[in-house]
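*Asks:* I'd like to ask some things about the structure below.
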2 protein chains.
Amino acid sequence: MAAPKDRAAAVRAALRTLVARNGFHGASMSAVAAQAGVAAGTAYTHYASKDELVLAAYCETKSELNLAVTTDADPNAPAEQWFRDLWLSCYRHLRANPEHARFLLQVEHSPYRARAHEAALADQDDPLLAQVASPDIAAQLLALPLEVLYELALSPAIRLAAGEAELTDAQLDEIAAACWRAVSRPG
Amino acid sequence: MAAPKDRAAAVRAALRTLVARNGFHGASMSAVAAQAGVAAGTAYTHYASKDELVLAAYCETKSELNLAVTTDADPNAPAEQWFRDLWLSCYRHLRANPEHARFLLQVEHSPYRARAHEAALADQDDPLLAQVASPDIAAQLLALPLEVLYELALSPAIRLAAGEAELTDAQLDEIAAACWRAVSRPG
DNA sequence: CAAGACTGAATGAACATTCATTCGGAGGTG
DNA sequence: CACCTCCGAATGAATGTTCATTCAGTCTTG
């Protein structure tokens, strides 16, 4: 858009913006190209198809989130504090970029879901998985499938960041604590 | 489909099935009509547009869920038990009808979201809201916006029901308890 | 037989994708 | 330095397809 430098990145960002705002319906390739400030054909010099572009934008978005989250949380800290920092930085990163949150949710509930997860795994392994597997932390978590723990713990952060509600710092601390109460062994 | 009685209902069900399976992309009006076993024009005898059909199918799906859930949970029981029954019946109803779960999620993360909520409110008031507002129960919940409590408590039931993972009864009890731990006042 | 439900081919708009063409600059040549 | 030649990125009008919606006519039912 501004910098005529990386047009592929501009196209990815434009797709993310339009999908977040108007859904896949409202994100035709010509609308995406217009939003990116390039010609209709340009997207196809970088991505073979719309599907490929969607997957690339998903991987980029997810990897930015991973970066934000793993930068802020110290896996050697006590598990409860590690989780709190993780949760809050996930929420804050997405609240600062609500389009990212809404795009992620939309892809993850669409038929792209399976292919997107596959592509994201191929793109980079999830650094979060490694941290969760560490003995200190694993010992304090419920013995449930990772998918379930994810739904209880981190997924609320994404959905709340995508929502309209404005939450105070105190509320966020309370919610992060609530998620920790959900996934950690009681007592 | 089976009964040639209520074609409007058949069309709603067909839309739900196709959207759940293939997303809004894969649910063209002609595909929906074919799935419902009627002609392309027939849907328009009952609904003025595709949007109207989507909203009607959403309202129907949501109201069936409401019915299942409020039948099983006794608002006069102790709050913890009330919640457990509520959570489990929500999960079980949707697990028995995974297309309902996937359809709901897909609508709620699409640009239909706002209009769908509006339509569902107009269609019938949410009996859950009344129960949550009752003093016995409200006193034991965290003082957070309802939207937040919903994300922490009931939303995981829907998403887990939409997922592929098979969960045992013991795991379900554990997860329902985890959600209750999240939204109830600790101590 | 009247009124409505139903049909499915027809319509025009919108879409993803293609491709003949243009553009800008890197490198070679005199 | 001026000039020419390439080359891949970028363009945007054109293409063929698919879609939501319509409607003239057929069938059902009371």
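Residue numbering restarts at 1 for every chain of the structure tokens, chains are lettered A, B, ... in their displayed order, and ligands are numbered from 1 as they appear.
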As a compact mmCIF listing (two decimals) with C-alpha atoms (C1' of nucleotides), in the first residue's frame, could you give me every residue of chain C near chain A (at most 10 Å apart, counting only C-alpha atoms (C1' of nucleotides))?
*Replies:*
# COMPACT_ATOMS: atom_id res chain seq x y z
C1' DA C 14 -20.25 -11.17 -10.09
C1' DC C 15 -16.54 -14.10 -9.75
C1' DA C 16 -11.70 -16.50 -10.27
C1' DT C 17 -8.49 -16.91 -13.45
C1' DT C 18 -5.86 -16.02 -17.93
C1' DC C 19 -2.87 -13.81 -21.13
*Asks:* Name all residues at most 9 Å from Ala176 (chain B) (count only C-alpha atoms (C1' of nucleotides); drop same-chain ones fewer than 5 positions away) and give them as an NGL selection string.
*Replies:* :B and (83-85 or 87-88 or 153 or 157 or 171 or 181)
*Asks:* Mind dumping the selected residues with C-alpha atoms as a JSON list (two decimals), in the first residue's frame?
*Replies:*
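Final output, again-v8.json:
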[["chain", "number", "residue", "atom", "x", "y", "z"],
["B", 83, "PHE", "CA", -24.45, -25.65, 35.32],
["B", 84, "ARG", "CA", -23.18, -29.17, 34.85],
["B", 85, "ASP", "CA", -26.51, -30.35, 33.45],
["B", 87, "TRP", "CA", -23.23, -27.77, 29.86],
["B", 88, "LEU", "CA", -23.62, -31.49, 29.27],
["B", 153, "ALA", "CA", -18.57, -21.41, 29.96],
["B", 157, "ALA", "CA", -19.20, -26.93, 24.63],
["B", 171, "GLN", "CA", -13.70, -36.37, 30.28],
["B", 181, "ARG", "CA", -14.34, -23.40, 37.90]]
*Asks:* Can you tell me which residues surround DG28 (chain C) at a distance of at most 12 Å, considering only C-alpha atoms (C1' of nucleotides), apart from same-chain residues fewer than 6 positions away, and format the answer as a PyMOL selection string?
*Replies:* chain D and resi 3-6
*Asks:* Which residues of chain D are close to chain A, meaning at most 9 Å apart when you count only C-alpha atoms (C1' of nucleotides), and how do they look as a PyMOL selection string?
*Replies:* chain D and resi 9-12
*Asks:* Pull out every residue of chain B sitting within 7 Å of chain A, counting only C-alpha atoms, and send them as a list in words.
*Replies:*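 Going by the stated atoms only, the list reads Asn22, Gly23, Leu105, Gln106, His109, Ser110, Pro111, Glu151, Leu152, Pro156, Ala178, Cys179, Arg181, Ala182 and Val183 of chain B.
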*Asks:* Create the file for the chosen residues now, containing N, CA and C atoms and written as a PDB file, in the first residue's frame.
*Replies:*
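The result, written out as part13.pdb:
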ATOM      1  N   ASN B  22     -19.660 -27.680   3.833  1.00  0.00           N
ATOM      2  CA  ASN B  22     -18.815 -27.050   2.809  1.00  0.00           C
ATOM      3  C   ASN B  22     -18.679 -25.544   2.938  1.00  0.00           C
ATOM      4  N   GLY B  23     -19.222 -24.966   3.987  1.00  0.00           N
ATOM      5  CA  GLY B  23     -19.136 -23.515   4.122  1.00  0.00           C
ATOM      6  C   GLY B  23     -20.138 -22.807   3.237  1.00  0.00           C
ATOM      7  N   LEU B 105     -21.427 -22.166  14.486  1.00  0.00           N
ATOM      8  CA  LEU B 105     -20.116 -21.530  14.562  1.00  0.00           C
ATOM      9  C   LEU B 105     -19.821 -20.737  13.304  1.00  0.00           C
ATOM     10  N   GLN B 106     -20.200 -21.318  12.187  1.00  0.00           N
ATOM     11  CA  GLN B 106     -19.877 -20.651  10.933  1.00  0.00           C
ATOM     12  C   GLN B 106     -20.656 -19.344  10.763  1.00  0.00           C
ATOM     13  N   HIS B 109     -19.271 -16.566  13.117  1.00  0.00           N
ATOM     14  CA  HIS B 109     -17.985 -15.947  12.783  1.00  0.00           C
ATOM     15  C   HIS B 109     -18.012 -15.292  11.416  1.00  0.00           C
ATOM     16  N   SER B 110     -19.170 -15.200  10.834  1.00  0.00           N
ATOM     17  CA  SER B 110     -19.288 -14.601   9.503  1.00  0.00           C
ATOM     18  C   SER B 110     -19.895 -13.207   9.639  1.00  0.00           C
ATOM     19  N   PRO B 111     -20.004 -12.495   8.547  1.00  0.00           N
ATOM     20  CA  PRO B 111     -20.629 -11.177   8.599  1.00  0.00           C
ATOM     21  C   PRO B 111     -22.131 -11.255   8.915  1.00  0.00           C
ATOM     22  N   GLU B 151     -18.331 -16.971  26.745  1.00  0.00           N
ATOM     23  CA  GLU B 151     -17.138 -17.492  26.066  1.00  0.00           C
ATOM     24  C   GLU B 151     -16.399 -18.511  26.920  1.00  0.00           C
ATOM     25  N   LEU B 152     -16.404 -18.262  28.235  1.00  0.00           N
ATOM     26  CA  LEU B 152     -15.664 -19.156  29.123  1.00  0.00           C
ATOM     27  C   LEU B 152     -16.446 -20.420  29.448  1.00  0.00           C
ATOM     28  N   PRO B 156     -17.167 -23.214  24.818  1.00  0.00           N
ATOM     29  CA  PRO B 156     -16.343 -24.416  24.623  1.00  0.00           C
ATOM     30  C   PRO B 156     -17.175 -25.656  24.324  1.00  0.00           C
ATOM     31  N   ALA B 178     -14.411 -27.929  34.743  1.00  0.00           N
ATOM     32  CA  ALA B 178     -13.400 -26.905  34.459  1.00  0.00           C
ATOM     33  C   ALA B 178     -14.069 -25.592  34.062  1.00  0.00           C
ATOM     34  N   CYS B 179     -15.100 -25.672  33.261  1.00  0.00           N
ATOM     35  CA  CYS B 179     -15.798 -24.456  32.848  1.00  0.00           C
ATOM     36  C   CYS B 179     -16.477 -23.802  34.044  1.00  0.00           C
ATOM     37  N   ARG B 181     -15.441 -24.008  37.137  1.00  0.00           N
ATOM     38  CA  ARG B 181     -14.341 -23.399  37.904  1.00  0.00           C
ATOM     39  C   ARG B 181     -13.973 -22.037  37.310  1.00  0.00           C
ATOM     40  N   ALA B 182     -14.028 -21.963  35.973  1.00  0.00           N
ATOM     41  CA  ALA B 182     -13.639 -20.704  35.327  1.00  0.00           C
ATOM     42  C   ALA B 182     -14.618 -19.583  35.654  1.00  0.00           C
ATOM     43  N   VAL B 183     -15.900 -19.847  35.593  1.00  0.00           N
ATOM     44  CA  VAL B 183     -16.868 -18.748  35.700  1.00  0.00           C
ATOM     45  C   VAL B 183     -17.441 -18.551  37.094  1.00  0.00           C
TER      46      VAL B 183
END
*Asks:* Among the residues of chain A, find those DSSP assigns to helix (DSSP H, G or I) from the backbone and print them as a compact mmCIF listing (two decimals) with N, CA and C atoms, in the first residue's frame.
*Replies:*
# COMPACT_ATOMS: atom_id res chain seq x y z
N ARG A 7 4.90 -6.32 -2.64
CA ARG A 7 3.51 -6.39 -3.06
C ARG A 7 2.82 -7.64 -2.60
N ALA A 8 3.56 -8.73 -2.48
CA ALA A 8 2.93 -9.96 -1.99
C ALA A 8 2.39 -9.74 -0.57
N ALA A 9 3.17 -9.05 0.25
CA ALA A 9 2.72 -8.78 1.62
C ALA A 9 1.51 -7.87 1.62
N ALA A 10 1.49 -6.91 0.70
CA ALA A 10 0.34 -6.02 0.62
C ALA A 10 -0.91 -6.80 0.26
N VAL A 11 -0.76 -7.76 -0.64
CA VAL A 11 -1.91 -8.57 -1.04
C VAL A 11 -2.39 -9.43 0.13
N ARG A 12 -1.45 -10.02 0.87
CA ARG A 12 -1.86 -10.82 2.04
C ARG A 12 -2.62 -9.95 3.04
N ALA A 13 -2.07 -8.77 3.31
CA ALA A 13 -2.72 -7.89 4.28
C ALA A 13 -4.10 -7.46 3.81
N ALA A 14 -4.21 -7.20 2.50
CA ALA A 14 -5.50 -6.77 1.97
C ALA A 14 -6.54 -7.89 2.11
N LEU A 15 -6.11 -9.11 1.82
CA LEU A 15 -7.03 -10.24 1.98
C LEU A 15 -7.47 -10.34 3.43
N ARG A 16 -6.53 -10.25 4.35
CA ARG A 16 -6.86 -10.36 5.78
C ARG A 16 -7.87 -9.29 6.17
N THR A 17 -7.61 -8.08 5.73
CA THR A 17 -8.51 -6.97 6.08
C THR A 17 -9.92 -7.21 5.54
N LEU A 18 -10.02 -7.57 4.28
CA LEU A 18 -11.34 -7.72 3.68
C LEU A 18 -12.09 -8.92 4.24
N VAL A 19 -11.37 -10.02 4.46
CA VAL A 19 -12.05 -11.18 5.04
C VAL A 19 -12.52 -10.84 6.46
N ALA A 20 -11.67 -10.18 7.22
CA ALA A 20 -12.05 -9.82 8.58
C ALA A 20 -13.28 -8.91 8.57
N ARG A 21 -13.29 -7.98 7.65
CA ARG A 21 -14.37 -6.99 7.63
C ARG A 21 -15.65 -7.54 7.02
N ASN A 22 -15.54 -8.27 5.90
CA ASN A 22 -16.73 -8.62 5.12
C ASN A 22 -16.89 -10.12 4.86
N MET A 29 -11.19 -11.50 -5.41
CA MET A 29 -9.80 -11.23 -5.77
C MET A 29 -9.65 -9.81 -6.30
N SER A 30 -10.64 -9.31 -7.01
CA SER A 30 -10.49 -7.95 -7.53
C SER A 30 -10.59 -6.94 -6.38
N ALA A 31 -11.48 -7.21 -5.42
CA ALA A 31 -11.56 -6.31 -4.27
C ALA A 31 -10.25 -6.33 -3.48
N VAL A 32 -9.69 -7.52 -3.33
CA VAL A 32 -8.42 -7.65 -2.61
C VAL A 32 -7.33 -6.87 -3.33
N ALA A 33 -7.26 -7.05 -4.64
CA ALA A 33 -6.23 -6.36 -5.41
C ALA A 33 -6.41 -4.84 -5.28
N ALA A 34 -7.65 -4.38 -5.39
CA ALA A 34 -7.91 -2.94 -5.27
C ALA A 34 -7.46 -2.43 -3.90
N GLN A 35 -7.83 -3.18 -2.86
CA GLN A 35 -7.44 -2.79 -1.50
C GLN A 35 -5.92 -2.75 -1.34
N ALA A 36 -5.24 -3.66 -2.03
CA ALA A 36 -3.79 -3.71 -1.93
C ALA A 36 -3.13 -2.67 -2.84
N ALA A 43 -1.85 -10.48 -7.98
CA ALA A 43 -1.90 -11.50 -6.93
C ALA A 43 -1.45 -12.85 -7.48
N TYR A 44 -1.76 -13.07 -8.77
CA TYR A 44 -1.46 -14.37 -9.36
C TYR A 44 0.00 -14.52 -9.76
N THR A 45 0.77 -13.43 -9.73
CA THR A 45 2.21 -13.61 -9.92
C THR A 45 2.84 -14.14 -8.63
N HIS A 46 2.12 -13.99 -7.51
CA HIS A 46 2.68 -14.42 -6.23
C HIS A 46 2.02 -15.68 -5.69
N LYS A 50 -6.55 -18.35 -5.25
CA LYS A 50 -7.07 -17.69 -4.06
C LYS A 50 -6.83 -18.56 -2.82
N ASP A 51 -7.05 -19.85 -2.95
CA ASP A 51 -6.82 -20.75 -1.82
C ASP A 51 -5.40 -20.60 -1.29
N GLU A 52 -4.46 -20.58 -2.21
CA GLU A 52 -3.06 -20.49 -1.79
C GLU A 52 -2.79 -19.17 -1.05
N LEU A 53 -3.41 -18.12 -1.54
CA LEU A 53 -3.27 -16.82 -0.88
C LEU A 53 -3.88 -16.85 0.52
N VAL A 54 -5.03 -17.45 0.64
CA VAL A 54 -5.67 -17.55 1.96
C VAL A 54 -4.76 -18.30 2.93
N LEU A 55 -4.21 -19.41 2.48
CA LEU A 55 -3.36 -20.19 3.37
C LEU A 55 -2.10 -19.42 3.73
N ALA A 56 -1.52 -18.70 2.77
CA ALA A 56 -0.32 -17.92 3.07
C ALA A 56 -0.62 -16.82 4.08
N ALA A 57 -1.76 -16.15 3.91
CA ALA A 57 -2.13 -15.09 4.85
C ALA A 57 -2.38 -15.69 6.24
N TYR A 58 -2.98 -16.88 6.26
CA TYR A 58 -3.22 -17.54 7.55
C TYR A 58 -1.91 -17.86 8.24
N CYS A 59 -0.97 -18.45 7.51
CA CYS A 59 0.32 -18.79 8.11
C CYS A 59 1.02 -17.55 8.64
N GLU A 60 1.01 -16.50 7.85
CA GLU A 60 1.67 -15.26 8.29
C GLU A 60 1.04 -14.74 9.58
N THR A 61 -0.28 -14.70 9.59
CA THR A 61 -0.99 -14.16 10.75
C THR A 61 -0.70 -14.99 12.00
N LYS A 62 -0.74 -16.30 11.81
CA LYS A 62 -0.52 -17.19 12.94
C LYS A 62 0.91 -17.07 13.44
N SER A 63 1.84 -16.92 12.53
CA SER A 63 3.23 -16.90 12.97
C SER A 63 3.55 -15.57 13.66
N GLU A 64 2.89 -14.50 13.26
CA GLU A 64 3.07 -13.24 14.00
C GLU A 64 2.53 -13.37 15.41
N LEU A 65 1.41 -14.06 15.53
CA LEU A 65 0.83 -14.27 16.87
C LEU A 65 1.76 -15.12 17.73
N ASN A 66 2.28 -16.19 17.14
CA ASN A 66 3.22 -17.04 17.85
C ASN A 66 4.41 -16.25 18.36
N LEU A 67 4.90 -15.39 17.49
CA LEU A 67 6.06 -14.60 17.87
C LEU A 67 5.75 -13.70 19.06
N ALA A 68 4.64 -12.98 18.97
CA ALA A 68 4.26 -12.07 20.06
C ALA A 68 4.13 -12.82 21.37
N VAL A 69 3.51 -14.00 21.27
CA VAL A 69 3.16 -14.74 22.48
C VAL A 69 4.40 -15.37 23.13
N THR A 70 5.28 -15.92 22.32
CA THR A 70 6.43 -16.60 22.90
C THR A 70 7.52 -15.62 23.31
N THR A 71 7.44 -14.39 22.81
CA THR A 71 8.40 -13.39 23.26
C THR A 71 8.09 -12.98 24.70
N ASP A 72 6.79 -12.87 25.00
CA ASP A 72 6.39 -12.31 26.29
C ASP A 72 6.34 -13.31 27.45
N ALA A 79 4.37 -21.80 36.58
CA ALA A 79 3.40 -22.08 35.53
C ALA A 79 2.26 -21.06 35.49
N GLU A 80 1.81 -20.67 36.67
CA GLU A 80 0.66 -19.76 36.71
C GLU A 80 1.01 -18.41 36.08
N GLN A 81 2.20 -17.93 36.39
CA GLN A 81 2.62 -16.65 35.84
C GLN A 81 2.90 -16.78 34.34
N TRP A 82 3.53 -17.88 33.97
CA TRP A 82 3.77 -18.15 32.55
C TRP A 82 2.46 -18.09 31.79
N PHE A 83 1.45 -18.74 32.33
CA PHE A 83 0.17 -18.77 31.63
C PHE A 83 -0.45 -17.38 31.53
N ARG A 84 -0.39 -16.65 32.64
CA ARG A 84 -0.98 -15.32 32.67
C ARG A 84 -0.34 -14.43 31.59
N ASP A 85 0.98 -14.45 31.52
CA ASP A 85 1.68 -13.62 30.54
C ASP A 85 1.34 -14.05 29.12
N LEU A 86 1.27 -15.36 28.95
CA LEU A 86 0.93 -15.92 27.65
C LEU A 86 -0.45 -15.43 27.22
N TRP A 87 -1.39 -15.59 28.11
CA TRP A 87 -2.78 -15.26 27.80
C TRP A 87 -2.91 -13.78 27.49
N LEU A 88 -2.32 -12.96 28.36
CA LEU A 88 -2.45 -11.52 28.16
C LEU A 88 -1.75 -11.06 26.89
N SER A 89 -0.61 -11.64 26.58
CA SER A 89 0.07 -11.14 25.38
C SER A 89 -0.66 -11.60 24.12
N CYS A 90 -1.28 -12.78 24.19
CA CYS A 90 -2.13 -13.21 23.08
C CYS A 90 -3.28 -12.23 22.89
N TYR A 91 -3.97 -11.94 23.97
CA TYR A 91 -5.09 -11.00 23.89
C TYR A 91 -4.63 -9.64 23.39
N ARG A 92 -3.54 -9.14 23.94
CA ARG A 92 -3.12 -7.78 23.60
C ARG A 92 -2.68 -7.66 22.16
N HIS A 93 -1.96 -8.68 21.70
CA HIS A 93 -1.52 -8.63 20.30
C HIS A 93 -2.73 -8.59 19.38
N LEU A 94 -3.74 -9.39 19.66
CA LEU A 94 -4.90 -9.45 18.77
C LEU A 94 -5.82 -8.25 18.95
N ARG A 95 -5.84 -7.72 20.16
CA ARG A 95 -6.67 -6.53 20.36
C ARG A 95 -6.07 -5.35 19.61
N ALA A 96 -4.74 -5.34 19.53
CA ALA A 96 -4.08 -4.28 18.77
C ALA A 96 -4.27 -4.50 17.27
N PRO A 98 -7.21 -6.25 15.57
CA PRO A 98 -8.46 -7.03 15.62
C PRO A 98 -8.73 -7.75 14.30
N GLU A 99 -8.23 -7.20 13.21
CA GLU A 99 -8.44 -7.88 11.94
C GLU A 99 -7.75 -9.24 11.92
N HIS A 100 -6.63 -9.33 12.60
CA HIS A 100 -5.96 -10.62 12.69
C HIS A 100 -6.85 -11.62 13.41
N ALA A 101 -7.40 -11.18 14.52
CA ALA A 101 -8.25 -12.09 15.31
C ALA A 101 -9.45 -12.55 14.50
N ARG A 102 -10.09 -11.60 13.86
CA ARG A 102 -11.30 -11.97 13.12
C ARG A 102 -10.98 -12.83 11.91
N PHE A 103 -9.84 -12.56 11.29
CA PHE A 103 -9.43 -13.39 10.16
C PHE A 103 -9.15 -14.82 10.62
N LEU A 104 -8.40 -14.96 11.70
CA LEU A 104 -8.09 -16.30 12.20
C LEU A 104 -9.36 -17.07 12.51
N LEU A 105 -10.28 -16.43 13.20
CA LEU A 105 -11.52 -17.13 13.57
C LEU A 105 -12.29 -17.55 12.34
N GLN A 106 -12.30 -16.67 11.37
CA GLN A 106 -13.09 -16.97 10.18
C GLN A 106 -12.51 -18.13 9.38
N VAL A 107 -11.19 -18.15 9.28
CA VAL A 107 -10.56 -19.27 8.59
C VAL A 107 -10.78 -20.56 9.37
N GLU A 108 -10.65 -20.47 10.68
CA GLU A 108 -10.69 -21.69 11.48
C GLU A 108 -12.09 -22.29 11.57
N ARG A 113 -10.32 -24.85 7.28
CA ARG A 113 -9.76 -25.24 8.57
C ARG A 113 -8.68 -26.32 8.49
N ALA A 114 -9.03 -27.45 7.90
CA ALA A 114 -8.09 -28.57 7.88
C ALA A 114 -6.81 -28.19 7.12
N ARG A 115 -7.01 -27.64 5.93
CA ARG A 115 -5.84 -27.29 5.12
C ARG A 115 -5.00 -26.22 5.80
N ALA A 116 -5.67 -25.29 6.49
CA ALA A 116 -4.93 -24.21 7.16
C ALA A 116 -4.06 -24.75 8.28
N HIS A 117 -4.62 -25.66 9.06
CA HIS A 117 -3.82 -26.24 10.15
C HIS A 117 -2.62 -26.98 9.59
N GLU A 118 -2.88 -27.73 8.54
CA GLU A 118 -1.81 -28.46 7.88
C GLU A 118 -0.71 -27.51 7.41
N ALA A 119 -1.13 -26.45 6.71
CA ALA A 119 -0.16 -25.50 6.17
C ALA A 119 0.62 -24.81 7.29
N ALA A 120 -0.07 -24.48 8.38
CA ALA A 120 0.61 -23.80 9.48
C ALA A 120 1.63 -24.71 10.13
N LEU A 121 1.30 -26.00 10.22
CA LEU A 121 2.25 -26.96 10.79
C LEU A 121 3.48 -27.08 9.92
N ALA A 122 3.26 -27.14 8.60
CA ALA A 122 4.37 -27.27 7.67
C ALA A 122 5.25 -26.01 7.70
N ASP A 123 4.61 -24.88 7.91
CA ASP A 123 5.29 -23.59 7.87
C ASP A 123 6.30 -23.45 9.00
N PRO A 127 5.78 -23.26 18.73
CA PRO A 127 6.66 -23.21 19.89
C PRO A 127 5.88 -23.39 21.20
N LEU A 128 4.57 -23.16 21.12
CA LEU A 128 3.74 -23.31 22.31
C LEU A 128 3.68 -24.77 22.74
N LEU A 129 3.60 -25.66 21.75
CA LEU A 129 3.50 -27.08 22.05
C LEU A 129 4.69 -27.53 22.88
N ALA A 130 5.87 -27.03 22.51
CA ALA A 130 7.07 -27.41 23.24
C ALA A 130 6.98 -26.97 24.70
N GLN A 131 6.51 -25.73 24.89
CA GLN A 131 6.43 -25.22 26.26
C GLN A 131 5.41 -26.01 27.08
N VAL A 132 4.29 -26.32 26.47
CA VAL A 132 3.26 -27.05 27.21
C VAL A 132 3.75 -28.45 27.58
N ALA A 133 4.63 -28.98 26.75
CA ALA A 133 5.12 -30.33 27.01
C ALA A 133 6.17 -30.36 28.12
N PRO A 135 7.96 -30.52 31.56
CA PRO A 135 7.43 -31.24 32.74
C PRO A 135 6.81 -30.31 33.78
N ASP A 136 7.47 -29.19 34.08
CA ASP A 136 6.95 -28.27 35.10
C ASP A 136 5.52 -27.87 34.80
N ILE A 137 5.30 -27.55 33.54
CA ILE A 137 3.99 -27.05 33.18
C ILE A 137 3.00 -28.19 33.01
N ALA A 138 3.40 -29.21 32.29
CA ALA A 138 2.49 -30.33 32.04
C ALA A 138 1.96 -30.90 33.35
N LEU A 146 -4.89 -31.98 24.12
CA LEU A 146 -4.42 -30.60 23.91
C LEU A 146 -5.49 -29.73 23.29
N GLU A 147 -6.23 -30.30 22.36
CA GLU A 147 -7.28 -29.55 21.69
C GLU A 147 -8.27 -28.98 22.71
N VAL A 148 -8.58 -29.79 23.71
CA VAL A 148 -9.53 -29.36 24.74
C VAL A 148 -8.91 -28.26 25.60
N LEU A 149 -7.67 -28.46 26.01
CA LEU A 149 -7.01 -27.43 26.82
C LEU A 149 -6.96 -26.12 26.05
N TYR A 150 -6.68 -26.21 24.77
CA TYR A 150 -6.63 -25.01 23.95
C TYR A 150 -7.98 -24.28 23.95
N GLU A 151 -9.04 -25.02 23.79
CA GLU A 151 -10.38 -24.40 23.76
C GLU A 151 -10.70 -23.71 25.08
N LEU A 152 -10.25 -24.29 26.16
CA LEU A 152 -10.56 -23.72 27.48
C LEU A 152 -9.66 -22.55 27.83
N ALA A 153 -8.44 -22.57 27.30
CA ALA A 153 -7.45 -21.63 27.80
C ALA A 153 -7.20 -20.45 26.87
N SER A 155 -8.22 -20.09 23.39
CA SER A 155 -9.25 -19.73 22.43
C SER A 155 -10.13 -18.57 22.93
N PRO A 156 -10.48 -18.54 24.22
CA PRO A 156 -11.25 -17.37 24.69
C PRO A 156 -10.52 -16.05 24.47
N ALA A 157 -9.21 -16.06 24.58
CA ALA A 157 -8.46 -14.81 24.37
C ALA A 157 -8.65 -14.32 22.94
N ILE A 158 -8.62 -15.24 22.00
CA ILE A 158 -8.78 -14.85 20.59
C ILE A 158 -10.18 -14.33 20.35
N ARG A 159 -11.17 -15.05 20.86
CA ARG A 159 -12.55 -14.64 20.59
C ARG A 159 -12.90 -13.34 21.28
N LEU A 160 -12.37 -13.14 22.48
CA LEU A 160 -12.65 -11.87 23.16
C LEU A 160 -11.95 -10.72 22.44
N ALA A 161 -10.76 -10.97 21.93
CA ALA A 161 -10.05 -9.91 21.20
C ALA A 161 -10.79 -9.55 19.91
N ALA A 162 -11.48 -10.53 19.34
CA ALA A 162 -12.22 -10.26 18.10
C ALA A 162 -13.53 -9.54 18.37
N ASP A 169 -7.99 -3.59 32.38
CA ASP A 169 -6.86 -4.43 32.78
C ASP A 169 -7.26 -5.38 33.91
N ALA A 170 -8.05 -4.85 34.84
CA ALA A 170 -8.47 -5.69 35.97
C ALA A 170 -9.32 -6.86 35.48
N GLN A 171 -10.22 -6.56 34.56
CA GLN A 171 -11.05 -7.64 34.01
C GLN A 171 -10.20 -8.68 33.29
N LEU A 172 -9.21 -8.19 32.54
CA LEU A 172 -8.36 -9.12 31.80
C LEU A 172 -7.61 -10.04 32.76
N ASP A 173 -7.08 -9.46 33.85
CA ASP A 173 -6.41 -10.30 34.84
C ASP A 173 -7.36 -11.36 35.38
N GLU A 174 -8.59 -10.94 35.62
CA GLU A 174 -9.57 -11.86 36.17
C GLU A 174 -9.89 -12.98 35.18
N ILE A 175 -9.99 -12.61 33.90
CA ILE A 175 -10.32 -13.62 32.89
C ILE A 175 -9.15 -14.58 32.68
N ALA A 176 -7.94 -14.04 32.64
CA ALA A 176 -6.77 -14.91 32.49
C ALA A 176 -6.72 -15.90 33.66
N ALA A 177 -6.99 -15.40 34.86
CA ALA A 177 -6.99 -16.28 36.04
C ALA A 177 -8.09 -17.34 35.91
N ALA A 178 -9.24 -16.92 35.38
CA ALA A 178 -10.34 -17.88 35.21
C ALA A 178 -9.94 -19.00 34.25
N CYS A 179 -9.25 -18.65 33.18
CA CYS A 179 -8.81 -19.66 32.22
C CYS A 179 -7.80 -20.60 32.86
N TRP A 180 -6.94 -20.03 33.68
CA TRP A 180 -5.96 -20.88 34.37
C TRP A 180 -6.65 -21.83 35.34
N ARG A 181 -7.65 -21.31 36.05
CA ARG A 181 -8.42 -22.17 36.96
C ARG A 181 -9.06 -23.32 36.19
N ALA A 182 -9.48 -23.03 34.95
CA ALA A 182 -10.14 -24.07 34.16
C ALA A 182 -9.18 -25.19 33.80
N VAL A 183 -7.98 -24.84 33.34
CA VAL A 183 -7.10 -25.89 32.80
C VAL A 183 -6.08 -26.44 33.78
*Asks:* Pick out the closest residue to DA20 (chain C) from this set: D:DC1, D:DA14, D:DC23, D:DC7. Count only C-alpha atoms (C1' of nucleotides).
*Replies:* D:DA14
*Asks:* Quick one, how far is CA of Gly187 (chain B) from CA of Glu166 (chain A)?
*Replies:* 27.3 Å
